[in-house]
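S.K.: Here you go, coords-v2.txt (compact mmCIF, C-alpha atoms):
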```
# COMPACT_ATOMS: atom_id res chain seq x y z
CA MET E 568 60.24 105.85 70.62
CA SER E 569 62.33 105.22 67.60
CA ASP E 570 64.27 102.18 68.77
CA THR E 571 61.43 99.70 69.05
CA THR E 572 59.59 100.90 65.96
CA GLU E 573 62.77 100.88 63.90
CA HIS E 574 63.58 97.36 64.95
CA THR E 575 60.21 96.02 63.98
CA HIS E 576 60.48 98.01 60.77
CA ALA E 577 63.88 96.58 59.94
CA GLN E 578 62.68 93.06 60.61
CA SER E 579 59.45 93.31 58.69
CA GLY E 580 60.95 95.58 55.99
CA GLN E 581 63.45 93.26 54.34
CA GLN E 582 62.34 89.85 55.46
CA HIS E 583 61.74 87.51 52.56
CA PRO E 584 61.67 83.73 52.38
CA ILE E 585 65.05 82.08 51.67
CA ARG E 586 63.32 80.23 48.84
CA LEU E 587 63.07 83.49 46.88
CA TYR E 588 66.85 83.97 46.98
CA LEU E 589 67.46 80.38 45.95
CA VAL E 590 65.09 80.75 42.99
CA VAL E 591 66.84 83.95 41.85
CA TRP E 592 70.22 82.28 42.34
CA GLY E 593 69.09 79.44 40.10
CA LEU E 594 67.75 81.85 37.50
CA LEU E 595 71.07 83.75 37.46
CA PHE E 596 72.91 80.47 36.95
CA PHE E 597 70.58 79.57 34.10
CA LEU E 598 70.93 82.99 32.42
CA SER E 599 74.74 82.89 32.77
CA ALA E 600 74.78 79.44 31.21
CA CYS E 601 72.64 80.80 28.36
CA SER E 602 74.99 83.71 27.69
CA TYR E 603 77.96 81.35 27.79
CA LEU E 604 76.21 79.09 25.30
CA VAL E 605 75.84 82.05 22.94
CA ASP E 606 79.62 82.10 22.72
CA TYR E 607 80.10 78.33 22.85
CA LEU E 608 77.68 77.67 20.01
CA GLY E 609 79.20 80.51 18.01
CA VAL E 610 76.06 82.57 17.39
CA GLN E 611 77.11 85.59 15.33
CA GLY E 612 75.79 88.92 14.09
CA TYR E 613 72.64 90.60 15.36
CA ALA E 614 71.35 87.42 17.02
CA ARG E 615 74.51 87.30 19.16
CA TRP E 616 74.29 90.96 20.23
CA THR E 617 70.56 90.74 20.96
CA LEU E 618 70.96 87.60 23.08
CA ILE E 619 73.96 88.99 24.98
CA LEU E 620 72.09 92.21 25.81
CA LEU E 621 68.91 90.33 26.72
CA PHE E 622 70.61 87.95 29.16
CA MET E 623 72.70 90.81 30.55
CA LEU E 624 69.68 93.00 31.27
CA LEU E 625 67.70 90.12 32.80
CA LYS E 626 70.59 89.27 35.11
CA ALA E 627 71.15 92.89 36.09
CA GLY E 628 67.43 93.35 36.75
CA LEU E 629 67.25 90.28 38.98
CA ILE E 630 70.31 91.32 41.01
CA VAL E 631 69.10 94.89 41.53
CA ALA E 632 65.45 94.05 42.18
CA VAL E 633 65.77 91.04 44.47
CA PHE E 634 69.32 90.74 45.83
CA MET E 635 69.64 94.50 46.36
CA HIS E 636 65.99 94.76 47.49
CA MET E 637 65.19 97.57 45.07
CA ALA E 638 61.76 96.03 44.41
CA TRP E 639 60.75 96.80 48.00
CA GLU E 640 62.15 100.32 48.30
CA ARG E 641 60.04 103.42 47.94
CA LEU E 642 59.78 104.84 44.44
CA ALA E 643 61.68 108.02 45.41
CA LEU E 644 64.87 106.01 46.02
CA VAL E 645 64.32 103.79 42.99
CA TYR E 646 64.06 106.79 40.65
CA ALA E 647 66.92 108.68 42.33
CA ILE E 648 69.28 105.73 41.76
CA LEU E 649 68.08 104.05 38.57
CA LEU E 650 67.25 107.02 36.33
CA PRO E 651 70.65 108.87 36.34
CA PRO E 652 72.58 105.92 34.81
CA LEU E 653 70.33 106.21 31.75
CA LEU E 654 72.26 109.40 30.93
CA VAL E 655 75.25 107.14 30.24
CA LEU E 656 73.40 106.21 27.05
CA VAL E 657 73.72 109.83 25.88
CA PHE E 658 77.48 109.57 26.48
CA VAL E 659 77.50 106.32 24.50
CA ALA E 660 75.77 108.06 21.59
CA LEU E 661 78.32 110.90 21.69
CA MET E 662 81.26 108.51 21.69
CA VAL E 663 79.83 106.34 18.90
CA SER E 664 79.73 109.45 16.74
CA GLU E 665 83.26 110.38 17.86
CA ALA E 666 84.60 106.88 17.13
CA HIS E 667 83.09 106.91 13.65
CA TYR E 668 84.86 110.20 12.98
CA THR E 669 88.18 108.91 14.34
CA ILE E 670 88.18 105.79 12.21
CA PHE E 671 87.14 107.86 9.19
CA THR E 672 90.15 110.16 9.62
CA ARG E 673 92.48 107.22 10.27
CA LEU E 674 91.42 105.46 7.11
CA ALA E 675 91.35 108.65 5.03
CA PHE E 676 94.77 110.00 6.05
CA PHE E 677 96.78 106.97 7.18
CA GLY E 678 95.36 104.21 5.03
CA ALA E 679 94.96 100.95 6.92
CA ALA E 680 97.69 101.65 9.50
CA PRO E 681 96.60 102.42 13.07
CA MET U 1470 73.54 103.43 63.29
CA THR U 1471 70.62 105.16 64.93
CA GLN U 1472 67.94 106.28 62.58
CA PRO U 1473 66.54 109.77 62.76
CA ILE U 1474 63.44 109.91 64.92
CA GLN U 1475 60.37 109.67 62.78
CA ILE U 1476 58.26 112.72 63.44
CA HIS U 1477 55.16 111.29 61.89
CA SER U 1478 54.62 107.65 62.64
CA ASP U 1479 52.28 107.36 59.68
CA ALA U 1480 54.29 104.95 57.57
CA PRO U 1481 51.31 103.11 56.07
CA SER U 1482 49.59 106.35 55.03
CA ARG U 1483 52.40 107.50 52.72
CA PRO U 1484 51.07 107.77 49.19
CA PRO U 1485 52.39 105.20 46.71
CA GLY U 1486 53.50 105.71 43.11
CA LEU U 1487 54.45 109.03 41.47
CA ARG U 1488 52.38 110.95 44.00
CA GLY U 1489 54.58 109.35 46.65
CA VAL U 1490 57.76 110.43 44.83
CA ALA U 1491 56.53 114.04 44.75
CA ALA U 1492 55.43 113.87 48.39
CA ASP U 1493 58.72 112.34 49.57
CA PHE U 1494 60.92 114.85 47.75
CA SER U 1495 58.82 117.88 48.70
CA SER U 1496 58.32 116.96 52.34
CA ASP U 1497 60.99 119.39 53.66
CA GLN U 1498 62.50 116.38 55.43
CA ARG U 1499 64.71 113.53 54.31
CA SER U 1500 63.61 112.28 50.91
CA PHE U 1501 64.22 108.57 51.39
CA LYS U 1502 61.61 107.77 53.99
CA THR U 1503 62.17 104.07 54.54
CA ALA U 1504 65.88 103.83 53.74
CA SER U 1505 68.28 104.80 56.51
CA TRP U 1506 71.00 107.33 55.70
CA GLY U 1507 73.57 104.54 55.64
CA LYS U 1508 71.68 102.63 53.01
CA ALA U 1509 70.91 105.76 50.98
CA MET U 1510 74.57 106.82 51.05
CA MET U 1511 75.73 103.40 49.92
CA TRP U 1512 73.27 103.61 47.03
CA ILE U 1513 74.57 107.05 46.07
CA PHE U 1514 78.17 105.80 46.23
CA LEU U 1515 77.20 102.88 44.01
CA LEU U 1516 75.57 105.33 41.59
CA SER U 1517 78.87 107.23 41.33
CA ASP U 1518 80.72 103.94 40.85
CA THR U 1519 78.27 103.10 38.07
CA PHE U 1520 79.49 106.18 36.24
CA VAL U 1521 83.14 105.19 36.77
CA PHE U 1522 82.61 101.77 35.24
CA GLY U 1523 80.33 103.30 32.62
CA CYS U 1524 83.19 105.56 31.54
CA PHE U 1525 85.58 102.60 31.37
CA LEU U 1526 83.22 100.58 29.20
CA ILE U 1527 82.58 103.60 26.98
CA ALA U 1528 86.34 104.14 26.60
CA TYR U 1529 86.64 100.48 25.61
CA MET U 1530 83.81 100.85 23.11
CA THR U 1531 85.39 103.96 21.59
CA ALA U 1532 88.81 102.31 21.29
CA ARG U 1533 87.35 99.18 19.73
CA MET U 1534 85.16 101.09 17.26
CA SER U 1535 87.83 103.53 16.15
CA THR U 1536 90.69 101.15 15.35
CA PRO U 1537 91.10 99.82 11.80
CA VAL U 1538 93.06 96.83 13.17
CA ALA U 1539 91.04 93.69 13.93
CA TRP U 1540 90.08 93.23 17.60
CA PRO U 1541 91.46 90.02 19.19
CA ASN U 1542 88.74 87.38 19.49
CA PRO U 1543 88.08 87.05 23.25
CA SER U 1544 86.59 83.61 22.72
CA GLU U 1545 90.02 82.36 21.59
CA VAL U 1546 92.16 84.60 23.78
CA PHE U 1547 90.49 83.38 26.96
CA ALA U 1548 90.26 79.73 25.95
CA LEU U 1549 91.88 77.12 28.16
CA HIS U 1550 93.54 73.95 26.93
CA ILE U 1551 91.71 71.20 28.84
CA ALA U 1552 91.89 67.47 28.11
CA GLY U 1553 93.52 67.93 24.75
CA GLN U 1554 91.18 70.56 23.33
CA ASP U 1555 90.59 74.29 23.61
CA VAL U 1556 87.46 75.15 25.59
CA PRO U 1557 86.47 78.74 24.75
CA LEU U 1558 86.07 81.25 27.58
CA ILE U 1559 85.81 78.49 30.20
CA LEU U 1560 87.75 80.27 32.94
CA ILE U 1561 85.57 83.39 32.56
CA ALA U 1562 82.44 81.23 32.76
CA ILE U 1563 83.66 79.62 35.98
CA MET U 1564 84.52 83.05 37.40
CA THR U 1565 81.00 84.23 36.56
CA PHE U 1566 79.40 81.28 38.34
CA VAL U 1567 81.65 81.79 41.37
CA LEU U 1568 80.74 85.46 41.65
CA ILE U 1569 77.00 84.75 41.25
CA SER U 1570 77.25 82.09 43.95
CA SER U 1571 78.92 84.60 46.26
CA SER U 1572 76.00 86.98 45.61
CA GLY U 1573 73.58 84.20 46.54
CA THR U 1574 75.32 83.47 49.84
CA MET U 1575 75.50 87.21 50.58
CA ALA U 1576 71.75 87.66 50.01
CA MET U 1577 71.06 84.80 52.42
CA ALA U 1578 73.50 86.26 54.96
CA VAL U 1579 71.49 89.53 54.93
CA ASN U 1580 68.33 87.54 55.50
CA PHE U 1581 69.72 85.57 58.45
CA GLY U 1582 71.15 88.80 59.84
CA TYR U 1583 67.71 90.35 60.16
CA ARG U 1584 66.57 87.13 61.83
CA ARG U 1585 69.44 87.67 64.30
CA GLU U 1586 70.96 84.27 63.60
CA ARG U 1587 74.55 85.21 64.33
CA GLY U 1588 76.29 81.97 63.40
CA LYS U 1589 74.57 81.47 60.05
CA THR U 1590 75.08 85.12 59.07
CA ALA U 1591 78.81 85.08 59.85
CA GLY U 1592 79.23 81.68 58.18
CA LEU U 1593 77.51 82.77 54.98
CA MET U 1594 79.55 85.99 54.90
CA LEU U 1595 82.75 83.97 55.28
CA ALA U 1596 81.60 81.75 52.41
CA THR U 1597 80.99 84.91 50.36
CA ALA U 1598 84.48 86.21 51.18
CA LEU U 1599 85.98 82.83 50.27
CA LEU U 1600 84.23 82.77 46.89
CA GLY U 1601 85.31 86.38 46.30
CA ALA U 1602 88.92 85.51 47.11
CA GLY U 1603 88.64 82.56 44.73
CA PHE U 1604 87.44 84.94 42.03
CA VAL U 1605 90.42 87.24 42.55
CA GLY U 1606 92.71 84.21 42.50
CA MET U 1607 91.35 83.07 39.15
CA GLN U 1608 91.73 86.60 37.84
CA ALA U 1609 95.39 86.60 38.92
CA PHE U 1610 95.80 83.30 37.04
CA GLU U 1611 94.18 84.83 33.96
CA TRP U 1612 96.44 87.91 34.12
CA THR U 1613 99.53 85.73 34.51
CA LYS U 1614 98.53 83.60 31.54
CA LEU U 1615 97.93 86.61 29.31
CA ILE U 1616 101.11 88.37 30.38
CA THR U 1617 103.23 85.29 29.66
CA GLU U 1618 101.56 85.12 26.25
CA GLY U 1619 102.81 88.63 25.56
CA VAL U 1620 99.83 90.85 26.27
CA ARG U 1621 100.92 94.34 27.35
CA PRO U 1622 98.97 97.58 27.68
CA TRP U 1623 100.64 98.73 24.45
CA GLU U 1624 100.75 95.53 22.38
CA ASN U 1625 99.54 91.96 22.03
CA PRO U 1626 100.19 89.15 19.55
CA TRP U 1627 96.65 89.00 18.11
CA GLY U 1628 95.50 92.41 16.93
CA ALA U 1629 94.53 95.88 18.08
CA ALA U 1630 96.97 97.23 20.67
CA GLN U 1631 94.15 98.81 22.69
CA PHE U 1632 92.99 95.32 23.74
CA GLY U 1633 95.64 95.08 26.46
CA SER U 1634 95.12 98.53 27.95
CA THR U 1635 91.34 98.22 28.18
CA PHE U 1636 91.57 94.66 29.49
CA PHE U 1637 94.01 95.52 32.28
CA MET U 1638 92.18 98.68 33.24
CA ILE U 1639 88.65 97.26 33.35
CA THR U 1640 89.36 93.88 34.94
CA GLY U 1641 91.98 95.43 37.21
CA PHE U 1642 89.57 98.01 38.55
CA HIS U 1643 86.89 95.37 39.01
CA GLY U 1644 89.33 93.04 40.75
CA THR U 1645 90.28 95.88 43.09
CA HIS U 1646 86.62 96.31 43.97
CA VAL U 1647 86.30 92.60 44.70
CA THR U 1648 89.41 92.67 46.88
CA ILE U 1649 88.15 95.64 48.90
CA GLY U 1650 84.81 93.83 49.22
CA VAL U 1651 86.50 90.70 50.58
CA ILE U 1652 88.37 92.75 53.20
CA PHE U 1653 85.20 94.51 54.36
CA LEU U 1654 83.25 91.23 54.33
CA LEU U 1655 85.78 89.79 56.77
CA ILE U 1656 85.54 92.88 58.99
CA VAL U 1657 81.72 92.83 59.10
CA ALA U 1658 81.65 89.04 59.52
CA ARG U 1659 83.90 89.40 62.56
CA LYS U 1660 81.55 91.98 64.04
CA VAL U 1661 78.57 89.69 63.44
CA TRP U 1662 80.37 86.73 64.95
CA ARG U 1663 81.37 88.74 68.03
CA GLY U 1664 77.76 89.84 68.51
CA ASP U 1665 78.41 93.56 67.99
CA PHE U 1666 75.03 94.04 66.35
CA ASP U 1667 73.16 92.22 69.12
CA VAL U 1668 74.55 94.43 71.87
CA GLU U 1669 74.70 97.54 69.64
CA ARG U 1670 78.41 97.93 70.29
CA ARG U 1671 79.66 101.23 68.94
CA GLY U 1672 81.93 101.26 65.88
CA PHE U 1673 85.56 102.25 66.39
CA PHE U 1674 85.42 104.93 63.72
CA THR U 1675 81.93 106.38 63.68
CA SER U 1676 80.95 105.57 67.29
CA ARG U 1677 77.50 104.68 66.01
CA LYS U 1678 75.53 101.79 67.42
CA GLY U 1679 76.02 98.60 65.46
CA GLN U 1680 72.91 97.21 63.76
CA TYR U 1681 72.28 94.28 61.48
CA GLU U 1682 71.58 96.76 58.70
CA ALA U 1683 75.37 96.95 58.29
CA VAL U 1684 75.16 93.46 56.79
CA GLU U 1685 72.60 94.63 54.24
CA ILE U 1686 74.69 97.69 53.32
CA MET U 1687 77.74 95.44 52.92
CA GLY U 1688 75.53 93.24 50.75
CA LEU U 1689 74.58 96.17 48.53
CA TYR U 1690 78.27 96.77 47.75
CA TRP U 1691 78.91 93.09 47.10
CA HIS U 1692 75.92 92.69 44.76
CA PHE U 1693 77.10 95.77 42.90
CA VAL U 1694 80.46 94.11 42.27
CA ASP U 1695 78.55 91.15 40.82
CA LEU U 1696 76.39 93.54 38.80
CA VAL U 1697 79.43 95.23 37.25
CA TRP U 1698 80.81 91.82 36.29
CA VAL U 1699 77.55 91.07 34.44
CA PHE U 1700 78.23 94.07 32.21
CA ILE U 1701 81.96 93.36 31.81
CA PHE U 1702 81.18 89.73 30.93
CA ALA U 1703 78.67 90.82 28.29
CA PHE U 1704 80.60 93.67 26.70
CA PHE U 1705 84.24 92.68 27.04
CA TYR U 1706 84.23 88.89 26.93
CA LEU U 1707 81.18 88.00 24.84
CA TRP U 1708 80.79 90.93 22.41
```
Here is a file; write its structure as structure tokens.

M.R.:
Amino acid sequence: MSDTTEHTHAQSGQQHPIRLYLVVWGLLFFLSACSYLVDYLGVQGYARWTLILLFMLLKAGLIVAVFMHMAWERLALVYAILLPPLLVLVFVALMVSEAHYTIFTRLAFFGAAP
Amino acid sequence: MTQPIQIHSDAPSRPPGLRGVAADFSSDQRSFKTASWGKAMMWIFLLSDTFVFGCFLIAYMTARMSTPVAWPNPSEVFALHIAGQDVPLILIAIMTFVLISSSGTMAMAVNFGYRRERGKTAGLMLATALLGAGFVGMQAFEWTKLITEGVRPWENPWGAAQFGSTFFMITGFHGTHVTIGVIFLLIVARKVWRGDFDVERRGFFTSRKGQYEAVEIMGLYWHFVDLVWVFIFAFFYLW
């Protein structure tokens, strides 16, 4: 029984108009151009970091949701795959604290030398 | 790849939302109801790879934050001298566009695969492989340029010594992923072209029946390579 049902499932499951992929492709091009412009125009400081992160997250979201078809998967898979990477942020927080301590000791005991 | 037989053919009646998550995980069966094991395993592999690249980028962040020496300005380091003036970061921008284009062709290849259009699928996968190979070629050019300018894992002419080690490690690992992707793209494209997935010819290694889902699983890996580049581009080259 499975063969026929699985085939129809596979064909109806991930069948989207080509237009959708072309639109996302165009959007990714546009967002990449935007993030390149951030560097080209020499935006600095918090504006630079905010824009870089914004364009990065938009691009990543488009790739995962549309190109990788995450938008059409069941929520169980979405959560199982997308929630664990958030723990990386905890690691980032730990290492930010560690890096602050390292540079403090370097400056305190070795002056400006590395 | 044959899918497990579905005991209940009640796909439309599965609850959506959080209730669906609880139902899927507590069903005493496979948790990912609509994703085949092949797709689920590729996703789990990509999750582990996310942590690998996450660790690399965190190591880079830690090195950059903890050195009192100024970090080399990537905008100048990766500039190319074109038509008498320095264009900042231009090679990296071109590499980004090439990789995004390869993702676009790959997504369309998956689509034509499910429509069982053999020629278009194989052609688009070959285009993807070609763009990927172009990306690796440009990366080799970039490495050569930096090495001739004196960048080493332990020193460079512009500032903090950790620049070289993090650069070679992160882009090297990413380039390796792209290279492996190109090789597997060519293998799967050959299978598509030969019609393996139309006649369900069994694979030489797993002896499982070939299905067009293999193209989608290949696509997942390829899009992930593009995804990682999005983060490397933002954090290493633009930050």

S.K.: Quick one: residues within 6 Å of range 1576-1590 of chain U, all atoms listed in the file counted, chain neighbours fewer than 5 positions away excluded, as a list in words?

M.R.: Gln578 and Phe634 of chain E; Tyr1681, Val1684 and Glu1685 of chain U

S.K.: Contacts between chain E and chain U, please, where a residue of chain U counts if it comes within 7 Å (with all atoms listed in the file); show its shortest atom pair and distance in Å to one decimal, rows by chain and ascending number, as CSV.

M.R.:
```
residue,atom,partner,partner_atom,distance
U:Ile1474,CA,E:Ser569,CA,5.5
U:Gln1475,CA,E:Ser569,CA,6.8
U:Gly1486,CA,E:Leu642,CA,6.5
U:Val1490,CA,E:Ala643,CA,4.6
U:Asp1493,CA,E:Ala643,CA,6.7
U:Phe1501,CA,E:Leu644,CA,6.0
U:Thr1503,CA,E:Arg641,CA,7.0
U:Trp1512,CA,E:Ile648,CA,6.9
U:Ile1513,CA,E:Ile648,CA,7.0
U:Leu1516,CA,E:Ile648,CA,6.3
U:Gly1523,CA,E:Val655,CA,6.8
U:Ile1527,CA,E:Val659,CA,6.3
U:Thr1531,CA,E:Ala666,CA,5.4
U:Met1534,CA,E:Ala666,CA,5.8
U:Ser1535,CA,E:Ile670,CA,4.6
U:Thr1536,CA,E:Ile670,CA,6.1
U:Pro1537,CA,E:Pro681,CA,6.2
U:Val1538,CA,E:Pro681,CA,6.6
U:Pro1557,CA,E:Tyr607,CA,6.7
U:Ala1562,CA,E:Tyr603,CA,6.7
U:Phe1566,CA,E:Phe596,CA,6.7
U:Gly1573,CA,E:Trp592,CA,5.7
U:Ala1576,CA,E:Phe634,CA,5.7
U:Met1577,CA,E:Ile585,CA,6.6
U:Asn1580,CA,E:Gln582,CA,6.4
U:Tyr1583,CA,E:Gln578,CA,5.7
U:Leu1689,CA,E:Met635,CA,5.6
U:His1692,CA,E:Met635,CA,6.7
U:Leu1696,CA,E:Ala627,CA,5.9
U:Val1699,CA,E:Met623,CA,6.2
U:Phe1700,CA,E:Met623,CA,6.6
U:Ala1703,CA,E:Ile619,CA,6.0
U:Leu1707,CA,E:Asp606,CA,6.5
U:Trp1708,CA,E:Trp616,CA,6.9
```

S.K.: Give me the residues near Phe1525 in chain U as a list in words, where near means some atom within 9 Å (using all atoms listed in the file) and where sequence neighbours in that chain fewer than 3 positions away do not count.

M.R.: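 Answer for this query is Phe1520, Val1521, Phe1522, Ala1528, Tyr1529, Met1530, Thr1635, Met1638 and Ile1639 of chain U.
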
S.K.: State, in Å with one decimal place, the distance from CA of Tyr1706 in chain U to CA of Met1594 in chain U.

M.R.: 28.5 Å

S.K.: I want to know what sits within 9 Å of Gly1650 in chain U, based on only C-alpha atoms, with residues of the same chain fewer than 3 positions away left out; could you give that as a PyMOL selection string?

M.R.: chain U and resi 1598+1601+1645-1647+1653-1655+1687+1690-1691+1694

S.K.: One decimal, in Å: what's the spacing between CA of Gly1606 in chain U and CA of Phe1547 in chain U?

M.R.: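 Answer for the CA of Gly1606 in chain U to CA of Phe1547 in chain U separation: 15.7 Å.
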
S.K.: Output: range 594-607 of chain E of the preceding structure, restricted to N, CA and C atoms, written as a PDB file, in the first residue's frame.

M.R.:
```pdb
ATOM      1  N   LEU E 594      15.410  37.876  -3.877  1.00  0.00           N
ATOM      2  CA  LEU E 594      15.489  38.511  -2.560  1.00  0.00           C
ATOM      3  C   LEU E 594      16.867  38.292  -1.935  1.00  0.00           C
ATOM      4  N   LEU E 595      17.407  37.070  -2.078  1.00  0.00           N
ATOM      5  CA  LEU E 595      18.728  36.778  -1.514  1.00  0.00           C
ATOM      6  C   LEU E 595      19.798  37.633  -2.185  1.00  0.00           C
ATOM      7  N   PHE E 596      19.665  37.815  -3.492  1.00  0.00           N
ATOM      8  CA  PHE E 596      20.599  38.688  -4.212  1.00  0.00           C
ATOM      9  C   PHE E 596      20.517  40.110  -3.664  1.00  0.00           C
ATOM     10  N   PHE E 597      19.272  40.574  -3.502  1.00  0.00           N
ATOM     11  CA  PHE E 597      19.061  41.939  -3.012  1.00  0.00           C
ATOM     12  C   PHE E 597      19.672  42.106  -1.617  1.00  0.00           C
ATOM     13  N   LEU E 598      19.392  41.128  -0.713  1.00  0.00           N
ATOM     14  CA  LEU E 598      19.889  41.238   0.660  1.00  0.00           C
ATOM     15  C   LEU E 598      21.421  41.171   0.698  1.00  0.00           C
ATOM     16  N   SER E 599      22.015  40.318  -0.158  1.00  0.00           N
ATOM     17  CA  SER E 599      23.475  40.240  -0.212  1.00  0.00           C
ATOM     18  C   SER E 599      24.054  41.560  -0.683  1.00  0.00           C
ATOM     19  N   ALA E 600      23.409  42.148  -1.702  1.00  0.00           N
ATOM     20  CA  ALA E 600      23.872  43.447  -2.190  1.00  0.00           C
ATOM     21  C   ALA E 600      23.788  44.477  -1.070  1.00  0.00           C
ATOM     22  N   CYS E 601      22.711  44.426  -0.278  1.00  0.00           N
ATOM     23  CA  CYS E 601      22.553  45.362   0.837  1.00  0.00           C
ATOM     24  C   CYS E 601      23.686  45.197   1.838  1.00  0.00           C
ATOM     25  N   SER E 602      23.996  43.933   2.211  1.00  0.00           N
ATOM     26  CA  SER E 602      25.035  43.747   3.220  1.00  0.00           C
ATOM     27  C   SER E 602      26.402  44.137   2.653  1.00  0.00           C
ATOM     28  N   TYR E 603      26.593  43.962   1.339  1.00  0.00           N
ATOM     29  CA  TYR E 603      27.853  44.417   0.753  1.00  0.00           C
ATOM     30  C   TYR E 603      27.934  45.938   0.783  1.00  0.00           C
ATOM     31  N   LEU E 604      26.789  46.576   0.547  1.00  0.00           N
ATOM     32  CA  LEU E 604      26.769  48.046   0.561  1.00  0.00           C
ATOM     33  C   LEU E 604      27.115  48.598   1.929  1.00  0.00           C
ATOM     34  N   VAL E 605      26.715  47.851   2.986  1.00  0.00           N
ATOM     35  CA  VAL E 605      27.062  48.293   4.343  1.00  0.00           C
ATOM     36  C   VAL E 605      28.566  48.505   4.447  1.00  0.00           C
ATOM     37  N   ASP E 606      29.321  47.551   3.858  1.00  0.00           N
ATOM     38  CA  ASP E 606      30.776  47.668   3.909  1.00  0.00           C
ATOM     39  C   ASP E 606      31.265  48.724   2.928  1.00  0.00           C
ATOM     40  N   TYR E 607      30.688  48.728   1.717  1.00  0.00           N
ATOM     41  CA  TYR E 607      31.152  49.631   0.667  1.00  0.00           C
ATOM     42  C   TYR E 607      30.966  51.091   1.067  1.00  0.00           C
TER      43      TYR E 607
END
```
